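Q: Sharing a structure with you now.
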Amino acid sequence: MDRDARIFVAGHRGLVGSAIVRALRAAGHTHLLLRTRDELDLRDPVATAAFFDKARPDHVFLAAARVGGILANQREPADFIRDNLQIQTNVIHEAWRTGVKRLLFLGSSCIYPRLAPQPLREEYLLTGPLEPTNRAYALAKIAGIEMCWSHNRQHGTRFLAAMPTNLYGPEDNFDLESSHVIPALLRKFHEARVNGAPRVTLWGSGEPRREFMHSFDMAQACLFLMNLDDDRFDGLLGSDEAVTGRFEPPLINIGVGEDISIRELAETIASVVGYDGLIEHDLSKPDGTPRKLMDVSRLNALGFRARIGLEDGLRHVHEVVFATSPSDAA
């Protein structure tokens with residue numbers, strides 16, 4: 001990507017998009033196209049078309065999405081599949097129509113089957129049933145991969161789908177009703193320490209294992225991929241299965257290649273926050289997928305590896321988000 005290229009970061013206020021914007025600015029990119037949801041509703045095909053006609057981006061990072069944790073996915077599955085299908089359909093179509101050079105579609109590790117072999121390799125896509133608690137969201141993201149693949153096959157576009165592992169960072173959603181596990185636990189343990197609570201309750205058994213990546217590393221991986229030379233980038237764009245007979249979607253995993261149990265995660269966060277009370281489990285709540293560890297050998301072979309360790313990353317987020325909060329100052 002040239003320094004003066006027009007780059008549209010869809011979803012630039014979210015955890016993923018904001019990290020990408022910071023990385024782009026640090027790399028010297030000055031022509032960033034950024035719109036809030038109030039300025040541009042990507043669910044609206046007319047508004048999206050008008051934006052692409054006027055802005056004419058050279059490159060697109062498609063990080064806009066409706067996201068949430070287990071509770072939000074269970075309560076609002078229709079909203080999750082509708083909003084995500086609308087956003088990605090409109091953006092991918094307009095990127096093709098207006099001649100975008102490269103597009104990076106950001107998905108999620110939940111696209112892989114619930115009981116797929118570990119670690120999760122890109123070829124495991126569509127080989128088994130999904131995790132029921134977030135199936136609507138996962139199916140929308142799988143459809144996004146197929147949209148990229150279909151446009152590449154039919155129109156010769158250069159659209160790549162990247163599936164990050166579980167992400168965390170300072171711009172995360174820390175609402176206990178709709179957040180993912182790390183922001184929820186950081187808030188729970190922080191407030192428990194400040195308020196002197198004797199115990200913190202975790203959903204489920206604590207046995208499922210998850211992989212976590214700091215948003216800084218994820219953003220660096222995204223820029224790395226979009227800056228690959230043509231030969232290496234085109235090698236990731238899939239193939240025409242009808243011609244080659246091979247199932248090769250334009251898909252690459254982004255992760256760290258290591259995981260940790262939710263119980264171990266909670267203990268690590270308690271240590272980082274300075275909480276020394278009890279950790280209890282609510283076994284009436286779901287565990288979700290038993291394990292989700294990404295195989296990142298393709299990304300590593302291209303020359304990228306994550307740099308931030310989990311404990312260091314958790315400490316950074318806690319310091320940035322909570323160190324000067326009113327509850328802590330009290």
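We label chains A, B, ... in the order they appear in the structure tokens, count residues from 1 in each chain, and number ligands from 1 in the order shown.
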If you run DSSP over the backbone, which residues in range 113-313 of chain A end up strand (DSSP E or B)? Put them as a ChimeraX atom specification.

A: /A:120,159-164,166-168,199-203,209-210,212-214,251-254,260-261,278-282,291-292,294

Q: Okay, now the selection with N, CA and C atoms, as a CSV table (one decimal), in the first residue's frame?

A:
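Saved file again-v8.csv follows:
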```csv
chain,number,residue,atom,x,y,z
A,120,LEU,N,-6.6,-25.3,14.7
A,120,LEU,CA,-7.6,-25.1,13.6
A,120,LEU,C,-6.8,-24.7,12.4
A,159,PHE,N,-9.5,-10.1,-3.0
A,159,PHE,CA,-10.2,-10.0,-1.7
A,159,PHE,C,-9.7,-11.2,-0.8
A,160,LEU,N,-9.2,-10.9,0.3
A,160,LEU,CA,-8.7,-11.9,1.3
A,160,LEU,C,-9.4,-11.9,2.6
A,161,ALA,N,-9.7,-13.0,3.1
A,161,ALA,CA,-10.4,-13.2,4.4
A,161,ALA,C,-9.4,-13.6,5.5
A,162,ALA,N,-9.3,-12.8,6.5
A,162,ALA,CA,-8.4,-13.1,7.6
A,162,ALA,C,-9.2,-13.5,8.9
A,163,MET,N,-8.9,-14.6,9.5
A,163,MET,CA,-9.7,-15.0,10.7
A,163,MET,C,-8.8,-14.8,12.0
A,164,PRO,N,-9.0,-13.7,12.7
A,164,PRO,CA,-8.2,-13.5,13.9
A,164,PRO,C,-8.7,-14.4,15.0
A,166,ASN,N,-9.2,-14.9,19.3
A,166,ASN,CA,-9.8,-14.0,20.2
A,166,ASN,C,-8.9,-12.8,20.5
A,167,LEU,N,-9.5,-11.7,20.4
A,167,LEU,CA,-8.7,-10.4,20.5
A,167,LEU,C,-9.1,-9.7,21.8
A,168,TYR,N,-8.2,-8.9,22.2
A,168,TYR,CA,-8.4,-8.0,23.4
A,168,TYR,C,-7.5,-6.7,23.2
A,199,ARG,N,-15.5,-12.8,46.5
A,199,ARG,CA,-15.4,-13.8,45.5
A,199,ARG,C,-15.9,-13.3,44.2
A,200,VAL,N,-15.4,-13.9,43.1
A,200,VAL,CA,-15.8,-13.6,41.7
A,200,VAL,C,-16.3,-14.9,41.1
A,201,THR,N,-17.5,-14.8,40.4
A,201,THR,CA,-18.1,-15.9,39.8
A,201,THR,C,-17.8,-15.9,38.3
A,202,LEU,N,-17.3,-17.1,37.8
A,202,LEU,CA,-17.1,-17.3,36.4
A,202,LEU,C,-18.2,-18.1,35.7
A,203,TRP,N,-18.5,-17.8,34.5
A,203,TRP,CA,-19.5,-18.7,33.8
A,203,TRP,C,-18.8,-20.0,33.4
A,209,ARG,N,-10.5,-24.0,26.6
A,209,ARG,CA,-9.2,-23.4,26.3
A,209,ARG,C,-9.4,-22.4,25.2
A,210,ARG,N,-8.7,-21.2,25.3
A,210,ARG,CA,-8.8,-20.2,24.3
A,210,ARG,C,-7.5,-19.6,24.0
A,212,PHE,N,-5.5,-16.0,22.8
A,212,PHE,CA,-5.8,-14.6,22.9
A,212,PHE,C,-4.6,-13.8,22.3
A,213,MET,N,-5.0,-12.7,21.5
A,213,MET,CA,-4.0,-11.9,20.8
A,213,MET,C,-4.3,-10.4,21.1
A,214,HIS,N,-3.3,-9.7,21.4
A,214,HIS,CA,-3.5,-8.3,21.6
A,214,HIS,C,-3.8,-7.6,20.3
A,251,LEU,N,-8.4,-17.6,2.5
A,251,LEU,CA,-8.5,-17.6,4.0
A,251,LEU,C,-7.2,-17.8,4.7
A,252,ILE,N,-6.9,-17.0,5.7
A,252,ILE,CA,-5.7,-17.1,6.5
A,252,ILE,C,-6.0,-16.8,8.0
A,253,ASN,N,-5.4,-17.6,8.8
A,253,ASN,CA,-5.6,-17.4,10.3
A,253,ASN,C,-4.6,-16.4,10.8
A,254,ILE,N,-5.1,-15.6,11.8
A,254,ILE,CA,-4.2,-14.7,12.5
A,254,ILE,C,-4.3,-15.0,14.0
A,260,ILE,N,-4.8,-21.1,26.5
A,260,ILE,CA,-4.8,-21.1,27.9
A,260,ILE,C,-6.3,-21.5,28.4
A,261,SER,N,-6.5,-22.2,29.5
A,261,SER,CA,-7.8,-22.5,30.0
A,261,SER,C,-8.4,-21.2,30.5
A,278,LEU,N,-11.7,-15.3,46.3
A,278,LEU,CA,-12.1,-16.6,45.7
A,278,LEU,C,-12.6,-16.5,44.3
A,279,ILE,N,-12.3,-17.6,43.5
A,279,ILE,CA,-12.9,-17.7,42.2
A,279,ILE,C,-13.8,-18.9,42.1
A,280,GLU,N,-15.1,-18.6,41.9
A,280,GLU,CA,-16.1,-19.7,41.9
A,280,GLU,C,-16.7,-19.8,40.4
A,281,HIS,N,-17.3,-21.0,40.2
A,281,HIS,CA,-17.9,-21.3,38.9
A,281,HIS,C,-19.4,-21.4,38.9
A,282,ASP,N,-20.0,-20.8,38.0
A,282,ASP,CA,-21.5,-21.0,37.8
A,282,ASP,C,-21.7,-22.1,36.7
A,291,ARG,N,-12.4,-26.0,22.8
A,291,ARG,CA,-11.1,-25.4,22.5
A,291,ARG,C,-11.1,-24.8,21.1
A,292,LYS,N,-10.4,-23.6,21.1
A,292,LYS,CA,-10.2,-22.9,19.8
A,292,LYS,C,-8.8,-22.4,19.7
A,294,MET,N,-5.7,-21.6,17.0
A,294,MET,CA,-5.5,-21.4,15.6
A,294,MET,C,-4.2,-22.0,15.2
```

Q: Using only C-alpha atoms, find each residue of range 201-236 of chain A with at least one atom at most 12 Å away from an atom of range 44-59 of chain A; report its shortest atom-to-atom pair and that distance in Å (one decimal), sort the rows by chain and rising residue number, and return the result as a Markdown table.

A:
```
| residue | atom | partner | partner_atom | distance |
| --- | --- | --- | --- | --- |
| A:Leu223 | CA | A:His59 | CA | 11.1 |
| A:Met226 | CA | A:His59 | CA | 8.6 |
| A:Asn227 | CA | A:His59 | CA | 10.7 |
```

Q: Residues within 12 Å of range 262-273 of chain A, please, as an NGL selection string. Count only C-alpha atoms; anything in the same chain fewer than 4 positions from it doesn't count.

A: :A and (180-194 or 199-212 or 277-281 or 287-292 or 310-319 or 321-323 or 328)

Q: Run DSSP on the backbone and grab whatever in range 31-117 of chain A lands in alpha helix (DSSP H); send it over as a ChimeraX atom specification.

A: /A:45-55,70-75,77-97

Q: For the interface of range 143-189 of chain A with range 19-43 of chain A (cut-off 10 Å, counting only C-alpha atoms), please tabulate each contacting residue of range 143-189 of chain A alongside its nearest pair of atoms and their separation in Å to one decimal, rows sorted by chain and increasing number, as CSV.

A:
```
residue,atom,partner,partner_atom,distance
A:Gly169,CA,A:Ala19,CA,8.5
A:Pro170,CA,A:Ala19,CA,9.3
A:Glu171,CA,A:Ala19,CA,8.3
```

Q: Those same residues, written as a PDB file, in the first residue's frame with all heavy atoms?

A:
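Result file follows (again23.pdb):
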```
ATOM      1  N   GLY A 169      -7.940  -5.665  23.851  1.00  0.00           N
ATOM      2  CA  GLY A 169      -7.178  -4.430  23.750  1.00  0.00           C
ATOM      3  C   GLY A 169      -7.880  -3.312  24.480  1.00  0.00           C
ATOM      4  O   GLY A 169      -8.997  -3.482  24.989  1.00  0.00           O
ATOM      5  N   PRO A 170      -7.277  -2.134  24.536  1.00  0.00           N
ATOM      6  CA  PRO A 170      -7.837  -1.025  25.323  1.00  0.00           C
ATOM      7  C   PRO A 170      -9.148  -0.474  24.784  1.00  0.00           C
ATOM      8  O   PRO A 170      -9.908   0.136  25.534  1.00  0.00           O
ATOM      9  CB  PRO A 170      -6.726   0.036  25.282  1.00  0.00           C
ATOM     10  CG  PRO A 170      -5.885  -0.322  24.099  1.00  0.00           C
ATOM     11  CD  PRO A 170      -5.949  -1.808  23.986  1.00  0.00           C
ATOM     12  N   GLU A 171      -9.460  -0.672  23.501  1.00  0.00           N
ATOM     13  CA  GLU A 171     -10.718  -0.174  22.939  1.00  0.00           C
ATOM     14  C   GLU A 171     -11.812  -1.229  22.966  1.00  0.00           C
ATOM     15  O   GLU A 171     -12.834  -1.103  22.298  1.00  0.00           O
ATOM     16  CB  GLU A 171     -10.511   0.314  21.494  1.00  0.00           C
ATOM     17  CG  GLU A 171      -9.778   1.625  21.397  1.00  0.00           C
ATOM     18  CD  GLU A 171      -8.290   1.453  21.626  1.00  0.00           C
ATOM     19  OE1 GLU A 171      -7.788   0.343  21.405  1.00  0.00           O
ATOM     20  OE2 GLU A 171      -7.629   2.428  22.033  1.00  0.00           O
TER      21      GLU A 171
END
```

Q: Rounded to one decimal in Å, what is the spacing between CA of Arg307 in chain A and CA of Cys148 in chain A?

A: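 Value for the CA of Arg307 in chain A-CA of Cys148 in chain A distance: 29.0 Å.
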
Q: For Pro117 in chain A, list every protein, DNA or RNA residue within 12 Å, evaluated using only C-alpha atoms, and leave out those in the same chain fewer than 2 positions away; present the list as a ChimeraX atom specification.

A: /A:112-115,119-125,127-128,290-295

Q: Check the smallest atom-to-atom distance from each of A:Ala301, A:Val256, A:Leu176, A:Ala197 to Tyr275 in chain A using only C-alpha atoms, then report the winner.

A: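 Of the candidates, the smallest distance to Tyr275 in chain A is held by A:Ala197.
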
Q: My list of candidates is A:Arg153, A:Arg305, A:Arg82, A:Arg158. Which is closest to Glu258 in chain A when distances are computed with only C-alpha atoms?

A: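 Ranking A:Arg153, A:Arg305, A:Arg82, A:Arg158 by distance to Glu258 in chain A, first place goes to A:Arg305.
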
Q: Which residues are close to Leu71 in chain A, i.e. within 10 Å by only C-alpha atoms, leaving aside same-chain residues fewer than 6 positions away? Reply as a PDB file with C-alpha atoms, in the first residue's frame.

A:
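What follows is the written file around-v4.pdb:
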```
ATOM      1  CA  THR A 133     -24.158 -20.420  20.930  1.00  0.00           C
ATOM      2  CA  ASN A 134     -22.748 -18.244  18.128  1.00  0.00           C
ATOM      3  CA  LEU A 176     -20.703  -7.143  31.331  1.00  0.00           C
ATOM      4  CA  GLU A 177     -23.860  -7.954  29.354  1.00  0.00           C
ATOM      5  CA  SER A 178     -22.310  -7.977  25.873  1.00  0.00           C
ATOM      6  CA  SER A 179     -18.519  -8.211  26.183  1.00  0.00           C
ATOM      7  CA  HIS A 180     -16.136 -11.058  25.433  1.00  0.00           C
ATOM      8  CA  LYS A 285     -23.897 -21.269  32.381  1.00  0.00           C
ATOM      9  CA  PRO A 286     -22.573 -22.626  29.041  1.00  0.00           C
TER      10      PRO A 286
END
```

Q: Do you know which residues are at most 12 Å from Tyr137 in chain A counting only C-alpha atoms, after dropping those on the same chain fewer than 6 positions away, and could you put them as a list of chain:residue names?

A: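 These residues fall inside the cut-off: A:Ala65, A:Arg66, A:Val67, A:Gly68, A:Gly69, A:Ile70, A:Ala72, A:Asn73, A:Gln74, A:Glu76, A:Pro77, A:Ala78, A:Asp79, A:Phe80, A:Ile81, A:Arg82, A:Asp83, A:Asn84, A:Leu85, A:Gly107, A:Ser108, A:Ser109, A:Cys110, A:Ile111, A:Tyr112, A:Leu130, A:Glu131, A:Ala143, A:Gly144.
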
Q: Can those selected residues be exported to a file as a PDB file, in the first residue's frame so that it contains N, CA and C atoms?

A:
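The new file selection-v3.pdb reads:
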```pdb
ATOM      1  N   ALA A  65     -18.606  -4.765  12.033  1.00  0.00           N
ATOM      2  CA  ALA A  65     -19.399  -5.962  12.315  1.00  0.00           C
ATOM      3  C   ALA A  65     -20.209  -5.745  13.577  1.00  0.00           C
ATOM      4  N   ARG A  66     -21.266  -6.517  13.716  1.00  0.00           N
ATOM      5  CA  ARG A  66     -21.971  -6.606  14.992  1.00  0.00           C
ATOM      6  C   ARG A  66     -21.327  -7.754  15.758  1.00  0.00           C
ATOM      7  N   VAL A  67     -20.761  -7.471  16.928  1.00  0.00           N
ATOM      8  CA  VAL A  67     -20.036  -8.477  17.687  1.00  0.00           C
ATOM      9  C   VAL A  67     -20.533  -8.497  19.120  1.00  0.00           C
ATOM     10  N   GLY A  68     -20.219  -9.585  19.815  1.00  0.00           N
ATOM     11  CA  GLY A  68     -20.601  -9.713  21.217  1.00  0.00           C
ATOM     12  C   GLY A  68     -20.201 -11.064  21.767  1.00  0.00           C
ATOM     13  N   GLY A  69     -20.383 -11.245  23.064  1.00  0.00           N
ATOM     14  CA  GLY A  69     -20.041 -12.492  23.730  1.00  0.00           C
ATOM     15  C   GLY A  69     -21.161 -13.514  23.649  1.00  0.00           C
ATOM     16  N   ILE A  70     -21.047 -14.565  24.449  1.00  0.00           N
ATOM     17  CA  ILE A  70     -22.023 -15.662  24.418  1.00  0.00           C
ATOM     18  C   ILE A  70     -23.429 -15.153  24.696  1.00  0.00           C
ATOM     19  N   ALA A  72     -24.831 -12.127  24.383  1.00  0.00           N
ATOM     20  CA  ALA A  72     -25.394 -11.322  23.290  1.00  0.00           C
ATOM     21  C   ALA A  72     -25.744 -12.186  22.089  1.00  0.00           C
ATOM     22  N   ASN A  73     -24.888 -13.151  21.761  1.00  0.00           N
ATOM     23  CA  ASN A  73     -25.148 -14.038  20.621  1.00  0.00           C
ATOM     24  C   ASN A  73     -26.380 -14.903  20.853  1.00  0.00           C
ATOM     25  N   GLN A  74     -26.590 -15.335  22.097  1.00  0.00           N
ATOM     26  CA  GLN A  74     -27.752 -16.169  22.400  1.00  0.00           C
ATOM     27  C   GLN A  74     -29.042 -15.362  22.382  1.00  0.00           C
ATOM     28  N   GLU A  76     -29.653 -12.437  20.696  1.00  0.00           N
ATOM     29  CA  GLU A  76     -29.960 -11.668  19.492  1.00  0.00           C
ATOM     30  C   GLU A  76     -29.407 -12.314  18.223  1.00  0.00           C
ATOM     31  N   PRO A  77     -29.635 -13.608  18.007  1.00  0.00           N
ATOM     32  CA  PRO A  77     -29.050 -14.255  16.829  1.00  0.00           C
ATOM     33  C   PRO A  77     -29.552 -13.681  15.508  1.00  0.00           C
ATOM     34  N   ALA A  78     -30.823 -13.282  15.450  1.00  0.00           N
ATOM     35  CA  ALA A  78     -31.358 -12.716  14.212  1.00  0.00           C
ATOM     36  C   ALA A  78     -30.673 -11.399  13.880  1.00  0.00           C
ATOM     37  N   ASP A  79     -30.418 -10.584  14.901  1.00  0.00           N
ATOM     38  CA  ASP A  79     -29.736  -9.311  14.679  1.00  0.00           C
ATOM     39  C   ASP A  79     -28.305  -9.540  14.214  1.00  0.00           C
ATOM     40  N   PHE A  80     -27.633 -10.535  14.790  1.00  0.00           N
ATOM     41  CA  PHE A  80     -26.240 -10.801  14.441  1.00  0.00           C
ATOM     42  C   PHE A  80     -26.108 -11.252  12.994  1.00  0.00           C
ATOM     43  N   ILE A  81     -26.961 -12.158  12.558  1.00  0.00           N
ATOM     44  CA  ILE A  81     -26.805 -12.654  11.186  1.00  0.00           C
ATOM     45  C   ILE A  81     -27.278 -11.600  10.184  1.00  0.00           C
ATOM     46  N   ARG A  82     -28.340 -10.866  10.506  1.00  0.00           N
ATOM     47  CA  ARG A  82     -28.838  -9.842   9.576  1.00  0.00           C
ATOM     48  C   ARG A  82     -27.831  -8.716   9.388  1.00  0.00           C
ATOM     49  N   ASP A  83     -27.399  -8.123  10.491  1.00  0.00           N
ATOM     50  CA  ASP A  83     -26.510  -6.963  10.386  1.00  0.00           C
ATOM     51  C   ASP A  83     -25.190  -7.306   9.712  1.00  0.00           C
ATOM     52  N   ASN A  84     -24.610  -8.449  10.065  1.00  0.00           N
ATOM     53  CA  ASN A  84     -23.315  -8.809   9.483  1.00  0.00           C
ATOM     54  C   ASN A  84     -23.432  -9.155   8.005  1.00  0.00           C
ATOM     55  N   LEU A  85     -24.497  -9.843   7.615  1.00  0.00           N
ATOM     56  CA  LEU A  85     -24.688 -10.130   6.196  1.00  0.00           C
ATOM     57  C   LEU A  85     -24.881  -8.845   5.400  1.00  0.00           C
ATOM     58  N   GLY A 107     -12.808 -11.800   9.964  1.00  0.00           N
ATOM     59  CA  GLY A 107     -13.812 -12.713  10.491  1.00  0.00           C
ATOM     60  C   GLY A 107     -13.541 -13.098  11.921  1.00  0.00           C
ATOM     61  N   SER A 108     -13.667 -14.382  12.217  1.00  0.00           N
ATOM     62  CA  SER A 108     -13.532 -14.865  13.585  1.00  0.00           C
ATOM     63  C   SER A 108     -13.211 -16.357  13.568  1.00  0.00           C
ATOM     64  N   SER A 109     -12.534 -16.814  14.605  1.00  0.00           N
ATOM     65  CA  SER A 109     -12.211 -18.239  14.709  1.00  0.00           C
ATOM     66  C   SER A 109     -13.446 -19.112  14.893  1.00  0.00           C
ATOM     67  N   CYS A 110     -14.599 -18.495  15.202  1.00  0.00           N
ATOM     68  CA  CYS A 110     -15.813 -19.295  15.398  1.00  0.00           C
ATOM     69  C   CYS A 110     -16.361 -19.846  14.090  1.00  0.00           C
ATOM     70  N   ILE A 111     -15.733 -19.513  12.960  1.00  0.00           N
ATOM     71  CA  ILE A 111     -16.168 -20.083  11.681  1.00  0.00           C
ATOM     72  C   ILE A 111     -15.866 -21.575  11.602  1.00  0.00           C
ATOM     73  N   TYR A 112     -14.953 -22.056  12.442  1.00  0.00           N
ATOM     74  CA  TYR A 112     -14.545 -23.454  12.360  1.00  0.00           C
ATOM     75  C   TYR A 112     -15.488 -24.357  13.164  1.00  0.00           C
ATOM     76  N   LEU A 130     -21.217 -26.238  13.665  1.00  0.00           N
ATOM     77  CA  LEU A 130     -20.685 -25.089  14.381  1.00  0.00           C
ATOM     78  C   LEU A 130     -21.108 -25.110  15.847  1.00  0.00           C
ATOM     79  N   GLU A 131     -20.466 -24.263  16.657  1.00  0.00           N
ATOM     80  CA  GLU A 131     -20.871 -24.054  18.038  1.00  0.00           C
ATOM     81  C   GLU A 131     -22.252 -23.389  18.054  1.00  0.00           C
ATOM     82  N   ALA A 143     -20.209 -16.788   5.207  1.00  0.00           N
ATOM     83  CA  ALA A 143     -20.745 -16.205   3.975  1.00  0.00           C
ATOM     84  C   ALA A 143     -19.825 -15.110   3.448  1.00  0.00           C
ATOM     85  N   GLY A 144     -19.211 -14.344   4.344  1.00  0.00           N
ATOM     86  CA  GLY A 144     -18.271 -13.306   3.914  1.00  0.00           C
ATOM     87  C   GLY A 144     -17.058 -13.887   3.214  1.00  0.00           C
TER      88      GLY A 144
END
```

Q: Would you compute the distance between CA of Gln86 in chain A and CA of Asp217 in chain A? Give it in Å to one decimal.

A: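 Result for CA of Gln86 in chain A versus CA of Asp217 in chain A: 28.2 Å, one decimal.
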